[in-house]
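See below for query_2.tsv, which holds TSV, C-alpha atoms and all ligand atoms.
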chain	number	residue	atom	x	y	z
A	1	MET	CA	12.68	22.26	2.03
A	2	PRO	CA	11.81	23.37	5.57
A	3	GLU	CA	8.13	23.90	4.84
A	4	GLY	CA	7.72	20.31	3.74
A	5	ASP	CA	9.58	19.08	6.80
A	6	ALA	CA	7.35	21.11	9.06
A	7	LEU	CA	4.34	19.57	7.40
A	8	HIS	CA	5.66	16.05	7.82
A	9	ARG	CA	6.24	16.77	11.48
A	10	ALA	CA	2.72	18.19	11.76
A	11	ALA	CA	1.32	15.06	10.09
A	12	GLU	CA	3.29	12.91	12.54
A	13	ARG	CA	1.97	14.95	15.46
A	14	LEU	CA	-1.67	14.39	14.42
A	15	ARG	CA	-1.37	10.62	13.94
A	16	PRO	CA	-2.64	9.77	17.47
A	17	LEU	CA	-6.06	10.95	16.31
A	18	VAL	CA	-6.19	8.65	13.29
A	19	GLY	CA	-8.91	6.02	13.56
A	20	GLN	CA	-10.93	8.07	16.03
A	21	ARG	CA	-14.28	9.77	15.67
A	22	ILE	CA	-13.57	13.49	15.92
A	23	GLU	CA	-15.46	16.31	17.61
A	24	ALA	CA	-14.65	19.49	15.70
A	25	GLU	CA	-15.22	23.16	16.44
A	26	SER	CA	-13.88	26.51	15.32
A	27	PRO	CA	-13.46	28.96	18.23
A	28	ASN	CA	-11.93	31.55	15.87
A	29	PRO	CA	-14.54	33.30	13.67
A	30	ARG	CA	-12.19	33.22	10.68
A	31	GLY	CA	-11.83	29.49	11.16
A	32	LYS	CA	-15.57	29.13	11.56
A	33	ALA	CA	-16.12	30.96	8.28
A	34	THR	CA	-14.31	28.16	6.45
A	35	GLY	CA	-17.13	25.72	7.30
A	36	VAL	CA	-14.52	23.05	7.92
A	37	ALA	CA	-15.47	22.18	11.50
A	38	ARG	CA	-19.08	21.56	10.54
A	39	ALA	CA	-18.05	19.35	7.63
A	40	VAL	CA	-15.78	17.07	9.64
A	41	ASP	CA	-17.52	17.03	13.02
A	42	GLY	CA	-18.52	13.50	14.01
A	43	ARG	CA	-16.51	11.80	11.28
A	44	VAL	CA	-13.72	9.29	11.75
A	45	LEU	CA	-10.28	10.64	10.83
A	46	GLU	CA	-8.93	8.01	8.46
A	47	GLY	CA	-5.49	9.40	7.72
A	48	VAL	CA	-3.12	12.35	7.77
A	49	ASP	CA	-0.60	12.94	5.01
A	50	ALA	CA	1.85	15.67	4.12
A	51	VAL	CA	1.63	16.15	0.37
A	52	GLY	CA	3.87	18.85	-1.07
A	53	LYS	CA	3.14	21.94	0.96
A	54	HIS	CA	-0.18	20.71	2.20
A	55	LEU	CA	-1.41	18.64	5.04
A	56	LEU	CA	-4.31	16.44	3.97
A	57	LEU	CA	-6.63	15.08	6.64
A	58	ARG	CA	-8.85	12.36	5.24
A	59	PHE	CA	-12.16	11.79	6.98
A	60	GLU	CA	-14.69	9.06	6.41
A	61	GLY	CA	-17.18	9.66	3.63
A	62	GLY	CA	-14.51	11.05	1.30
A	63	VAL	CA	-14.25	14.40	3.12
A	64	VAL	CA	-10.71	15.75	2.85
A	65	LEU	CA	-9.43	18.74	4.78
A	66	ARG	CA	-6.52	20.60	3.24
A	67	SER	CA	-4.30	22.74	5.43
A	68	HIS	CA	-1.57	25.00	4.07
A	69	LEU	CA	0.41	26.63	6.84
A	70	ARG	CA	2.31	29.35	4.92
A	71	MET	CA	4.56	31.21	7.37
A	72	ASN	CA	2.54	31.46	10.56
A	73	GLY	CA	0.15	28.57	10.66
A	74	ARG	CA	0.79	25.62	12.91
A	75	TRP	CA	-0.80	22.52	14.39
A	76	ARG	CA	-0.49	21.49	18.01
A	77	LEU	CA	-1.50	18.32	19.78
A	78	ASP	CA	-2.35	18.49	23.47
A	79	PRO	CA	-4.16	16.33	25.99
A	80	ARG	CA	-7.88	16.70	25.58
A	81	GLY	CA	-9.63	19.42	27.57
A	82	GLY	CA	-6.52	21.31	28.77
A	83	GLU	CA	-6.23	25.06	29.28
A	84	ARG	CA	-5.93	27.06	26.10
A	85	ARG	CA	-5.04	30.69	25.44
A	86	GLY	CA	-6.29	32.28	22.25
A	87	LEU	CA	-8.67	31.12	19.57
A	88	PRO	CA	-7.54	28.34	17.26
A	89	TRP	CA	-9.09	28.14	13.82
A	90	LEU	CA	-9.95	24.53	14.32
A	91	VAL	CA	-10.07	22.05	17.20
A	92	LEU	CA	-10.16	18.32	16.43
A	93	ARG	CA	-10.91	16.40	19.60
A	94	GLY	CA	-10.32	12.68	19.96
A	95	ARG	CA	-10.58	10.43	22.99
A	96	GLU	CA	-7.37	11.51	24.78
A	97	TRP	CA	-5.94	14.21	22.54
A	98	GLU	CA	-7.00	17.32	20.80
A	99	ALA	CA	-5.33	18.93	17.83
A	100	THR	CA	-5.56	22.66	17.36
A	101	GLN	CA	-4.84	24.62	14.20
A	102	TRP	CA	-3.60	28.17	14.71
A	103	ASN	CA	-3.47	31.18	12.40
A	104	GLY	CA	-4.84	29.36	9.39
A	105	PRO	CA	-4.13	30.72	6.98
A	106	VAL	CA	-5.43	28.23	4.48
A	107	LEU	CA	-7.96	25.69	5.65
A	108	THR	CA	-10.23	24.29	2.97
A	109	LEU	CA	-12.23	21.24	2.08
A	110	GLU	CA	-10.70	19.32	-0.79
A	111	LYS	CA	-12.87	19.80	-3.84
A	112	ARG	CA	-11.31	16.95	-5.72
A	113	ALA	CA	-12.42	14.26	-3.31
A	114	VAL	CA	-14.50	13.04	-6.23
A	115	ARG	CA	-11.30	11.50	-7.59
A	116	ARG	CA	-11.42	9.05	-4.77
A	117	LEU	CA	-14.73	7.66	-5.94
A	118	GLY	CA	-14.83	4.11	-7.15
A	119	PRO	CA	-16.02	3.19	-10.65
A	120	ASP	CA	-19.48	4.49	-11.50
A	121	LEU	CA	-21.72	1.44	-11.74
A	122	LEU	CA	-23.82	3.10	-14.41
A	123	ALA	CA	-20.99	4.18	-16.68
A	124	ASP	CA	-20.80	2.36	-20.02
A	125	GLY	CA	-17.19	1.30	-19.52
A	126	THR	CA	-17.74	-0.23	-16.08
A	127	GLU	CA	-17.57	-4.03	-15.97
A	128	VAL	CA	-19.22	-5.80	-13.05
A	129	ALA	CA	-16.17	-8.08	-12.75
A	130	ALA	CA	-13.92	-5.03	-12.32
A	131	VAL	CA	-16.15	-3.72	-9.56
A	132	VAL	CA	-16.03	-7.09	-7.82
A	133	ALA	CA	-12.22	-6.99	-8.06
A	134	ARG	CA	-12.17	-3.54	-6.52
A	135	VAL	CA	-14.43	-4.60	-3.68
A	136	ARG	CA	-11.96	-7.44	-3.02
A	137	LEU	CA	-9.25	-4.84	-2.38
A	138	ALA	CA	-11.23	-3.49	0.57
A	139	ASP	CA	-11.07	-4.81	4.11
A	140	GLN	CA	-12.83	-8.17	3.81
A	141	SER	CA	-14.14	-8.00	7.37
A	142	LEU	CA	-16.51	-5.22	6.22
A	143	LEU	CA	-20.18	-6.14	6.09
A	144	VAL	CA	-21.39	-6.43	2.53
A	145	GLY	CA	-24.17	-4.02	3.51
A	146	GLU	CA	-21.62	-1.29	4.20
A	147	ALA	CA	-19.14	-2.13	1.45
A	148	LEU	CA	-21.51	-1.76	-1.49
A	149	VAL	CA	-22.64	1.72	-0.43
A	150	ASP	CA	-19.04	2.86	0.15
A	151	GLN	CA	-18.66	5.28	-2.74
A	152	ARG	CA	-14.89	4.78	-2.77
A	153	LEU	CA	-15.40	1.16	-3.78
A	154	VAL	CA	-18.26	1.61	-6.21
A	155	ALA	CA	-20.02	4.88	-6.92
A	156	GLY	CA	-23.75	5.18	-7.33
A	157	ILE	CA	-25.44	2.70	-5.01
A	158	GLY	CA	-27.63	4.18	-2.28
A	159	ASN	CA	-29.38	2.49	0.59
A	160	ALA	CA	-32.58	1.64	-1.27
A	161	TRP	CA	-30.81	-0.02	-4.20
A	162	LEU	CA	-28.52	-1.83	-1.81
A	163	ALA	CA	-31.42	-3.37	0.10
A	164	GLU	CA	-33.17	-4.45	-3.08
A	165	ALA	CA	-30.03	-5.81	-4.73
A	166	LEU	CA	-29.06	-7.95	-1.76
A	167	TRP	CA	-32.58	-9.31	-1.50
A	168	HIS	CA	-32.54	-10.29	-5.17
A	169	ALA	CA	-29.12	-11.90	-4.79
A	170	ARG	CA	-30.29	-13.63	-1.57
A	171	VAL	CA	-27.33	-12.20	0.32
A	172	SER	CA	-27.74	-10.96	3.90
A	173	PRO	CA	-26.39	-7.42	4.39
A	174	TRP	CA	-24.84	-8.74	7.63
A	175	ARG	CA	-22.42	-11.14	5.95
A	176	ARG	CA	-18.73	-10.21	5.88
A	177	LEU	CA	-17.22	-9.66	2.45
A	178	ALA	CA	-14.94	-12.61	3.14
A	179	ASP	CA	-18.02	-14.86	3.36
A	180	VAL	CA	-19.65	-13.61	0.16
A	181	SER	CA	-18.64	-15.25	-3.12
A	182	ASP	CA	-17.62	-13.38	-6.26
A	183	ASP	CA	-20.72	-14.77	-7.98
A	184	GLU	CA	-22.98	-13.41	-5.27
A	185	LEU	CA	-21.35	-9.97	-5.45
A	186	ALA	CA	-21.55	-10.00	-9.24
A	187	ASP	CA	-25.22	-11.01	-9.04
A	188	ALA	CA	-26.09	-8.14	-6.73
A	189	LEU	CA	-24.09	-5.60	-8.74
A	190	ALA	CA	-25.43	-6.70	-12.12
A	191	TRP	CA	-29.00	-6.63	-10.82
A	192	THR	CA	-28.43	-3.12	-9.45
A	193	ARG	CA	-26.87	-1.83	-12.63
A	194	ASP	CA	-29.63	-3.23	-14.84
A	195	HIS	CA	-32.43	-1.86	-12.69
A	196	MET	CA	-30.77	1.52	-12.14
A	197	ARG	CA	-30.36	1.83	-15.90
A	198	ALA	CA	-34.01	0.96	-16.35
A	199	SER	CA	-34.87	3.58	-13.77
A	200	VAL	CA	-32.86	6.19	-15.70
A	201	ARG	CA	-35.05	5.32	-18.71
A	202	GLY	CA	-38.16	5.75	-16.55
A	203	THR	CA	-38.99	2.16	-15.62
A	204	ARG	CA	-39.66	1.83	-11.92
A	205	THR	CA	-38.59	-1.26	-10.00
A	206	PRO	CA	-41.15	-2.20	-7.34
A	207	ARG	CA	-39.59	-2.41	-3.91
A	208	SER	CA	-39.30	-5.77	-2.27
A	209	VAL	CA	-37.75	-4.96	1.11
A	210	TYR	CA	-36.69	-1.31	1.31
A	211	ARG	CA	-38.91	0.50	3.84
A	212	ARG	CA	-41.13	-2.59	4.05
A	213	ALA	CA	-40.13	-3.59	7.60
A	214	GLY	CA	-42.67	-5.96	9.14
A	215	ARG	CA	-44.46	-6.58	5.85
A	216	PRO	CA	-44.29	-10.00	4.21
A	217	CYS	CA	-41.31	-10.87	2.03
A	218	ARG	CA	-42.56	-11.02	-1.57
A	219	ARG	CA	-40.82	-14.36	-2.05
A	220	CYS	CA	-41.51	-16.30	1.13
A	221	GLY	CA	-43.89	-14.29	3.29
A	222	THR	CA	-41.52	-13.89	6.25
A	223	PRO	CA	-41.82	-10.40	7.75
A	224	VAL	CA	-39.08	-8.10	6.45
A	225	SER	CA	-36.49	-7.17	9.09
A	226	SER	CA	-34.81	-3.80	9.55
A	227	ARG	CA	-31.98	-2.56	11.74
A	228	GLY	CA	-29.22	0.09	11.68
A	229	LEU	CA	-26.03	-1.24	10.09
A	230	GLY	CA	-22.42	-0.05	9.89
A	231	ASP	CA	-20.62	3.10	11.00
A	232	MET	CA	-23.09	5.37	9.24
A	233	ASN	CA	-25.96	3.45	10.85
A	234	ARG	CA	-27.99	3.24	7.67
A	235	THR	CA	-31.10	1.12	8.07
A	236	ALA	CA	-30.73	-2.29	6.48
A	237	TYR	CA	-33.82	-4.16	5.21
A	238	TRP	CA	-33.70	-7.89	4.59
A	239	CYS	CA	-35.55	-11.18	4.84
A	240	VAL	CA	-34.02	-13.50	7.42
A	241	ALA	CA	-35.34	-16.55	5.54
A	242	CYS	CA	-34.26	-15.66	1.98
A	243	GLN	CA	-31.07	-13.91	3.08
A	244	PRO	CA	-29.58	-16.03	5.87
A	245	SER	CA	-26.65	-14.54	7.75
A	246	ARG	CA	-24.34	-17.53	7.47
A	247	GLY	CA	-23.59	-18.54	3.90
A	248	ALA	CA	-26.23	-20.01	1.64
A	249	ALA	CA	-29.09	-21.84	3.30
B	1	ZN	ZN	-38.06	-14.11	2.07

Using structure tokens, write down the structure that the file contains.
Ligand SMILES: [Zn+2]
Amino acid sequence: MPEGDALHRAAERLRPLVGQRIEAESPNPRGKATGVARAVDGRVLEGVDAVGKHLLLRFEGGVVLRSHLRMNGRWRLDPRGGERRGLPWLVLRGREWEATQWNGPVLTLEKRAVRRLGPDLLADGTEVAAVVARVRLADQSLLVGEALVDQRLVAGIGNAWLAEALWHARVSPWRRLADVSDDELADALAWTRDHMRASVRGTRTPRSVYRRAGRPCRRCGTPVSSRGLGDMNRTAYWCVACQPSRGAA
């Protein structure tokens, strides 16, 4: 099946960009109309796979670009910033290389990325222990403050709930997953689930740390800290006294 072969070769060609944060643009108006460049610009390319007749480029945040080359489409990889003739549909620029996609004809964002979501914390069938087990499958050098908002590991937790949950569980967002016990993870997740459910029913949970930087911790009075955390640079809020960085105090 020549088409599949061509796609595997194209996937191979793009691999040097994997792991890099990508600058994307669409010099060709037809490429620009797909909205793909805007959706992937600034995201880390996490993987490239040839699946059937499609090339799937997986970007951080669950964004998946699907490329079907039909007869005329092709991908090239060239040193970054070289001379170019013509208008590619898409340019993906890494540190040393840039990939260009020519002649489309099919360049779309994968609508089914939702399948990659982790278990929904609020769903009736979701057990906290199963979520903990899934988090253990992730890279354990991740900070707990990035892991629990990674929707591929567990779906539903945003930055505010994360900050509150870790404060209640007395876990610093800056600890690596490897240094956080199952009990601590389960504590934080169960607290989040219970209070999110309450919130769905209309019961508000007063905030303890989220957006309270500099104000006293409600438990110990230490001023609440805040700082950007992780690749997405979300602001973390925590109490350095109640949530020490190195294991339990
Ligand atoms: Zn405190």

Quick one: axis-aligned box around all listed atoms of region 143-161 of chain A, 3 Å on every side, centre and edge lengths in Å to one decimal, written as AutoDock Vina command-line options.
--center_x -23.7 --center_y -0.6 --center_z -0.6 --size_x 23.7 --size_y 17.7 --size_z 19.4

Enumerate residues in contact with ligand ZN 1 (chain B): an atom-to-atom distance of at most 6 Å, counting only C-alpha atoms and all ligand atoms. Format the result as a ChimeraX atom specification.
/A:217,219-222,239,241-242

Between A:Arg211, A:Trp174, A:Asn103, A:Val200, single out the one closest to Ser141 (chain A), counting all atoms listed in the file.
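For Ser141 (chain A), the nearest of the given residues is A:Trp174.
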
Measuring between all atoms listed in the file, which one of A:Ala99, A:Val149, A:Leu14, A:Ala165 shows the shortest distance to Gly82 (chain A)?
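That would be A:Ala99, the residue with the smallest distance to Gly82 (chain A).
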
Determine the nearest neighbour of His54 (chain A) from the options A:Ala169, A:Leu107, A:Ala147, A:Val240, counting only C-alpha atoms.
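Ranking A:Ala169, A:Leu107, A:Ala147, A:Val240 by distance to His54 (chain A), first place goes to A:Leu107.
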
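Taking all atoms listed in the file into account, Asn72 (chain A) lies nearest to A:Val106 out of the set A:Arg176, A:Val106, A:Leu57, A:Gly47.
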
Env of Ala39 (chain A): 8 Å cut, atoms = only C-alpha atoms, seq-sep filter 3 positions within chain, self excluded. Answer as a ChimeraX atom specification.
/A:35-36,63

Here CA of Arg215 (chain A) and CA of Leu142 (chain A) stand apart by 28.0 Å

Among the residues A:Ala213, A:Val64, A:Ala236, A:Leu122, the one that comes closest to Ala190 (chain A) [using only C-alpha atoms]:
A:Leu122

Looking at all atoms listed in the file, which of A:Leu229, A:Leu153, A:Ala37, A:Val48 is the one that sits closest to Leu17 (chain A)?
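Once distances to Leu17 (chain A) are computed over all atoms listed in the file, the minimum belongs to A:Val48.
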
Give me, please, the distance in Å between CA of Trp102 (chain A) and CA of Pro88 (chain A), quoted to one decimal.
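Separation of CA of Trp102 (chain A) and CA of Pro88 (chain A): 4.7 Å.
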
Mind checking which residues fall within 7 Å of Leu121 (chain A), counting all atoms listed in the file, ignoring those fewer than 6 positions away in the same chain, and posting them as JSON, numbers by chain?
{"A": [154, 155, 156, 193]}

Just the number, please: distance in Å from CA of Gly145 (chain A) to CA of Ser225 (chain A), one decimal.
13.9 Å

Close residues, Thr235 (chain A) itself excluded, 9 Å, all atoms listed in the file, min 4 positions apart in chain, as a JSON list (two decimals) with C-alpha atoms, in the coordinates of the input:
[["chain", "number", "residue", "atom", "x", "y", "z"],
["A", 159, "ASN", "CA", -29.38, 2.49, 0.59],
["A", 211, "ARG", "CA", -38.91, 0.50, 3.84],
["A", 226, "SER", "CA", -34.81, -3.80, 9.55],
["A", 227, "ARG", "CA", -31.98, -2.56, 11.74],
["A", 228, "GLY", "CA", -29.22, 0.09, 11.68],
["A", 229, "LEU", "CA", -26.03, -1.24, 10.09],
["A", 230, "GLY", "CA", -22.42, -0.05, 9.89]]
